[in-house]
Structure formats: C-alpha cells, structure tokens
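Encoded as structure tokens, the structure appears first; notes follow it.
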Amino acid sequence: MHLTRRSAFTGLALFATMPARAAFDLGPEQPGRLHTVRNDAAIALIPKDFPFVTPGSLTVGIHPNNPPISTYATDARTIVGFDPDLITLLAESLGLKPDLVAVAWADWPLGLVSKKFDAVISNVTVTEQRKEKFDFSTYRKDEIGWYVPINSPITAIREPKDAAGLRVITDSGTNQEKIVLEWNRLNVAAGLKPMEIQYYDDDAATTLTLVSGRADAILSVNASRAYKAAVDGKTRLVGTISGGWPRTAEIAVTTRKDSGLADALTAAVNGLIANGTYAKLLDRWSLGSEAIDKSQTNPPGLPKT
C-alpha cells in the first residue's frame, strides 16, 4: 500500500472552472426556491408548550460551508443551498417562519442544548452516540461517491475489487478514508493489487490531480463532488456507497433529546415526500441519488467506535 501526501501544485491559477451560477443559482434572491403549504397533521404533533426561540419562527442552526448543501450566496451574507431550502419548507409546513442562524460545525451541539436554536439542519449524520443527547428526523442518505475523470475508462466502482490497483484520493480522518483503508485491506488479503492512497492539503490540488490523470479516482462526499461535476463537467460519478459502509447511514434534522419536536419534523418531511416537493428539492440541487423513501424518527444510527 502506498500512502502519499502532496501540497498544491504550482500554477493552480490556470485551472479554471465555470462560475457556479452557470449550473446553480447562488444569488441571494433565490427566485427558484420551492414553497409548500401548511401540514396540519404535522403541526398537531408540536407540543403545545414547546419553547420556540422566537415565537412564530423555526430557528435553525446551520453551518454554511459546503455547496450545494449550504453555502453563502454571491452577496456573502445570504445562506443558500439544499439545507436552507429544506429549512424554509419545514417551517412553512409547520406554519412558522424560517430563521437561519450560522454556526461553526463544532459549536452546533452546545448551541442546540443551550436553546440558541430549535433545531440543527447541517448535514448531521445519525449516530448512536449522538442519539444519547439528541433526537433525529431523517431527510437524506449519507452518501459518498466515487468520481473519475470524465474521459476515464472506469465505468463502475461498487465493491472493493473494483478499486484494486487504483490510485485513489481520499480525505484524511474521515469515514471515506476508513472505507478506502478497509477496502484496501480486503483486496490485499484476497491477493489483489493494493491501492495507492493519496492525500492532498486543499481541494484545488485534489481536483487538479484527478483531472490531470495523476490519480484514477476519488472517494469523497457525494453531494460536494456532484456539485463540482455539474459545475465544471470534468469528472463523473461511477458509484456510490453509504457513508457508514457496510452499514446504512442517514442525514437528519437534529433536535434536543425528548423536546417533542422530532415527530412533528418527521411528519413534515414525510408530507414533503408525499406531495412531491421533496423530489423537486433534491433535483434542484442535483442530489437525487440521496433520496429517502420515508423519514424516520431516531432510526438505528452508526455504532459507537
């Protein structure tokens, strides 16, 4: 097994892509944002004495750092993306106004426990450890994707043997790195060629390495890689697996443990699934492969490690 780490290449300024707005609307006005109607069944599940941060509003913590899930618009102030749109739809379903509060990823648990917001919607995966302190209402698969250069002869990577002998980029300290290392271990144990596993210090170097042929594939967060593929057209998807492989993992709205809000949010998500708005939202941000059939409250999460 070969493990290499490389810094950014010189001349990265020459590597240009189309502006993101060519494929996605990142303007602050968001004329294409979806809307929905009140879901009375979901509203009936909200505890009558629930202490909303602001009466009449659903205040949600969000970490805007990862398009198309969430990012800052071209005005550098407005938060846009899939999660902000979902917040709007859930608030409307519950007869409330959406109120987004930007928060650092490391700070959302404390902010939620201390009641700075009513919920967190920020690509949070359900885990058994988190379930000790929080409730969850699932809304998307936690999916990671295999991407290759657009002209690569590779057509599919679905199981460990498909990646044997490949030069693979992954992200250090992540679930996807754990999967790559485990796949490599299984391949070596089966007598197949080991992967050459590569790590890079920034995303620009990662992308340039892949599209210039210095690596064969990357395993990374599917949502962000799908966004890049749609924007610049230089890579393509050849396989997806759960972020908890071999277990299934899901992303969820996060609320305080036993606050009583989770069931209402689960019902609201299921209402959006039933009326077709959920599918339209996924399509708007090119996340259709991460659709779930049904939202659940506190499903089995990734096990403690």
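Simple scheme: letters A, B, ... for chains in structure tokens order, numbers from 1 for residues in each chain, numbers from 1 for ligands in the order shown.
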
Write out as a ChimeraX atom specification which residues come within 8 Å of A:Gly244 when counting only C-alpha atoms, dropping same-chain ones fewer than 4 positions away.
/A:142,175,248-249,302

Restricting it to N, CA, C and O atoms, dump the selection as a tab-separated table (two decimals), in the first residue's frame.
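File produced: out-v4.tsv:
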chain	number	residue	atom	x	y	z
A	142	ASP	N	-26.84	9.52	3.81
A	142	ASP	CA	-25.44	9.91	3.98
A	142	ASP	C	-24.66	9.09	2.96
A	142	ASP	O	-24.41	7.91	3.15
A	175	ASN	N	-14.83	9.28	7.35
A	175	ASN	CA	-15.42	7.97	7.12
A	175	ASN	C	-14.97	7.38	5.80
A	175	ASN	O	-14.75	6.18	5.70
A	248	THR	N	-25.84	1.27	6.72
A	248	THR	CA	-26.53	2.40	6.10
A	248	THR	C	-26.52	3.59	7.07
A	248	THR	O	-26.73	3.42	8.27
A	249	ALA	N	-26.26	4.75	6.54
A	249	ALA	CA	-26.26	5.97	7.35
A	249	ALA	C	-27.17	7.00	6.71
A	249	ALA	O	-27.30	7.05	5.49
A	302	LEU	N	-25.18	5.05	13.19
A	302	LEU	CA	-23.87	4.41	13.13
A	302	LEU	C	-23.43	4.06	14.55
A	302	LEU	O	-23.62	4.84	15.48

For stretch 59-71 of chain A, find every residue with an atom within 9 Å (counting only C-alpha atoms), except residues of its own chain fewer than 4 positions away, and show them as a VMD selection string.
chain A and resid 24 26 52 to 54 76 78 to 84 87 91 97 to 105 108 111 to 112 116 to 123 223 to 224 226 to 228 285 to 287

Could the residues of stretch 139-173 of chain A that have an atom at most 10 Å from stretch 214-219 of chain A be listed as a tab-separated table, each with its closest atom pair and the distance in Å to one decimal, counting only C-alpha atoms and ordered by chain and ascending residue number?
residue	atom	partner	partner_atom	distance
A:Ile144	CA	A:Leu219	CA	6.7
A:Gly145	CA	A:Leu219	CA	5.6
A:Trp146	CA	A:Leu219	CA	4.7
A:Tyr147	CA	A:Ile218	CA	5.4
A:Val148	CA	A:Ala217	CA	4.6
A:Pro149	CA	A:Asp216	CA	7.4
A:Ser152	CA	A:Asp216	CA	7.8
A:Pro153	CA	A:Asp216	CA	9.7
A:Ile154	CA	A:Asp216	CA	8.5
A:Ile157	CA	A:Ala217	CA	9.3
A:Ala163	CA	A:Ala217	CA	8.7
A:Gly165	CA	A:Asp216	CA	9.6
A:Leu166	CA	A:Asp216	CA	6.0
A:Arg167	CA	A:Ala215	CA	4.9
A:Val168	CA	A:Ala217	CA	5.0
A:Ile169	CA	A:Ile218	CA	4.5
A:Thr170	CA	A:Leu219	CA	5.4
A:Asp171	CA	A:Leu219	CA	8.0

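Here the alpha helix (DSSP H) residues in stretch 23-150 of chain A, by DSSP on the backbone, are Asp40, Ala41, Ala42, Ile43, Phe82, Asp83, Pro84, Asp85, Leu86, Ile87, Thr88, Leu89, Leu90, Ala91, Glu92, Ser93, Trp108, Pro109, Leu110, Gly111, Leu112 and Val113 of chain A.
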
Please, what distance in Å, to one decimal, runs between atom CA of A:Ile273 and atom CA of A:Asp85?
14.3 Å

Give me, as a PyMOL selection string, all polymer residues having an atom no more than 8 Å from A:Ile150, counting only C-alpha atoms and skipping those fewer than 3 positions away in the same chain.
chain A and resi 211+233-236

Using atom CA of A:Val113 and atom CA of A:Asp40 as the two end points, give the distance in Å to one decimal.
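Distance between the two atoms: 27.4 Å.
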
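Closest approach to A:Asp49 from the set A:Asn187, A:Arg256, A:Leu261, A:Arg284 is made by A:Leu261, with distances taken over only C-alpha atoms.
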
Counting only C-alpha atoms, which residue out of A:Val124, A:Leu45, A:Ala189, A:Ala156 sits closest to A:Val238?
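Looking only at the distances to A:Val238, the closest residue turns out to be A:Ala156.
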
Quick check for you: according to DSSP on this backbone, which residues of stretch 51-100 of chain A are classed as strand (DSSP E)? Reply as a VMD selection string.
chain A and resid 57 to 62 71 to 72 79 to 80 97 to 100

What would the file look like if the residues just selected were written as a PDB file, in the first residue's frame with N, CA, C and O atoms?
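Result file selection-v1.pdb:
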ATOM      1  N   SER A  57     -41.555  31.399  14.754  1.00  0.00           N
ATOM      2  CA  SER A  57     -40.443  31.093  13.855  1.00  0.00           C
ATOM      3  C   SER A  57     -39.818  29.751  14.208  1.00  0.00           C
ATOM      4  O   SER A  57     -39.852  29.322  15.363  1.00  0.00           O
ATOM      5  N   LEU A  58     -39.263  29.108  13.197  1.00  0.00           N
ATOM      6  CA  LEU A  58     -38.445  27.917  13.398  1.00  0.00           C
ATOM      7  C   LEU A  58     -36.993  28.358  13.259  1.00  0.00           C
ATOM      8  O   LEU A  58     -36.525  28.669  12.163  1.00  0.00           O
ATOM      9  N   THR A  59     -36.302  28.438  14.378  1.00  0.00           N
ATOM     10  CA  THR A  59     -34.909  28.899  14.392  1.00  0.00           C
ATOM     11  C   THR A  59     -33.994  27.698  14.255  1.00  0.00           C
ATOM     12  O   THR A  59     -34.039  26.776  15.075  1.00  0.00           O
ATOM     13  N   VAL A  60     -33.166  27.724  13.213  1.00  0.00           N
ATOM     14  CA  VAL A  60     -32.370  26.543  12.869  1.00  0.00           C
ATOM     15  C   VAL A  60     -30.894  26.909  12.752  1.00  0.00           C
ATOM     16  O   VAL A  60     -30.529  27.851  12.041  1.00  0.00           O
ATOM     17  N   GLY A  61     -30.058  26.168  13.428  1.00  0.00           N
ATOM     18  CA  GLY A  61     -28.616  26.326  13.293  1.00  0.00           C
ATOM     19  C   GLY A  61     -28.118  25.630  12.038  1.00  0.00           C
ATOM     20  O   GLY A  61     -28.567  24.529  11.708  1.00  0.00           O
ATOM     21  N   ILE A  62     -27.186  26.272  11.328  1.00  0.00           N
ATOM     22  CA  ILE A  62     -26.673  25.721  10.077  1.00  0.00           C
ATOM     23  C   ILE A  62     -25.237  26.174   9.883  1.00  0.00           C
ATOM     24  O   ILE A  62     -24.881  27.309  10.208  1.00  0.00           O
ATOM     25  N   THR A  71     -24.199  27.086   1.545  1.00  0.00           N
ATOM     26  CA  THR A  71     -23.063  27.974   1.325  1.00  0.00           C
ATOM     27  C   THR A  71     -23.575  29.410   1.361  1.00  0.00           C
ATOM     28  O   THR A  71     -24.780  29.648   1.417  1.00  0.00           O
ATOM     29  N   TYR A  72     -22.661  30.359   1.338  1.00  0.00           N
ATOM     30  CA  TYR A  72     -23.079  31.757   1.258  1.00  0.00           C
ATOM     31  C   TYR A  72     -23.315  32.140  -0.201  1.00  0.00           C
ATOM     32  O   TYR A  72     -22.575  31.718  -1.100  1.00  0.00           O
ATOM     33  N   ILE A  79     -27.580  32.732   3.146  1.00  0.00           N
ATOM     34  CA  ILE A  79     -27.242  31.306   3.102  1.00  0.00           C
ATOM     35  C   ILE A  79     -28.167  30.612   2.113  1.00  0.00           C
ATOM     36  O   ILE A  79     -29.392  30.732   2.194  1.00  0.00           O
ATOM     37  N   VAL A  80     -27.588  29.892   1.165  1.00  0.00           N
ATOM     38  CA  VAL A  80     -28.369  29.219   0.126  1.00  0.00           C
ATOM     39  C   VAL A  80     -27.912  27.770   0.000  1.00  0.00           C
ATOM     40  O   VAL A  80     -26.845  27.389   0.465  1.00  0.00           O
ATOM     41  N   LYS A  97     -42.184  30.781  10.400  1.00  0.00           N
ATOM     42  CA  LYS A  97     -41.243  31.478   9.529  1.00  0.00           C
ATOM     43  C   LYS A  97     -39.844  30.888   9.733  1.00  0.00           C
ATOM     44  O   LYS A  97     -39.462  30.587  10.861  1.00  0.00           O
ATOM     45  N   PRO A  98     -39.060  30.736   8.662  1.00  0.00           N
ATOM     46  CA  PRO A  98     -37.699  30.212   8.817  1.00  0.00           C
ATOM     47  C   PRO A  98     -36.737  31.270   9.338  1.00  0.00           C
ATOM     48  O   PRO A  98     -36.781  32.429   8.903  1.00  0.00           O
ATOM     49  N   ASP A  99     -35.903  30.898  10.272  1.00  0.00           N
ATOM     50  CA  ASP A  99     -34.889  31.800  10.815  1.00  0.00           C
ATOM     51  C   ASP A  99     -33.580  31.016  10.886  1.00  0.00           C
ATOM     52  O   ASP A  99     -33.433  30.125  11.723  1.00  0.00           O
ATOM     53  N   LEU A 100     -32.636  31.325   9.990  1.00  0.00           N
ATOM     54  CA  LEU A 100     -31.370  30.601   9.904  1.00  0.00           C
ATOM     55  C   LEU A 100     -30.311  31.295  10.745  1.00  0.00           C
ATOM     56  O   LEU A 100     -30.136  32.507  10.660  1.00  0.00           O
TER      57      LEU A 100
END

Measuring between only C-alpha atoms, which one of A:Asn298, A:Thr155, A:Asn39, A:Thr305 shows the shortest distance to A:Ile251?
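Checking each of A:Asn298, A:Thr155, A:Asn39, A:Thr305 against A:Ile251, counting only C-alpha atoms, the winner is A:Asn298.
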
I'd like to know which of A:Tyr139, A:Tyr278, A:Trp183, A:Phe50 is closest to A:Glu250, using only C-alpha atoms.
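Counting only C-alpha atoms, the residue closest to A:Glu250 is A:Tyr139.
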
What is the distance, in Å and to one decimal place, between atom CA of A:Ala41 and atom CA of A:Ala267?
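It comes out at 7.5 Å.
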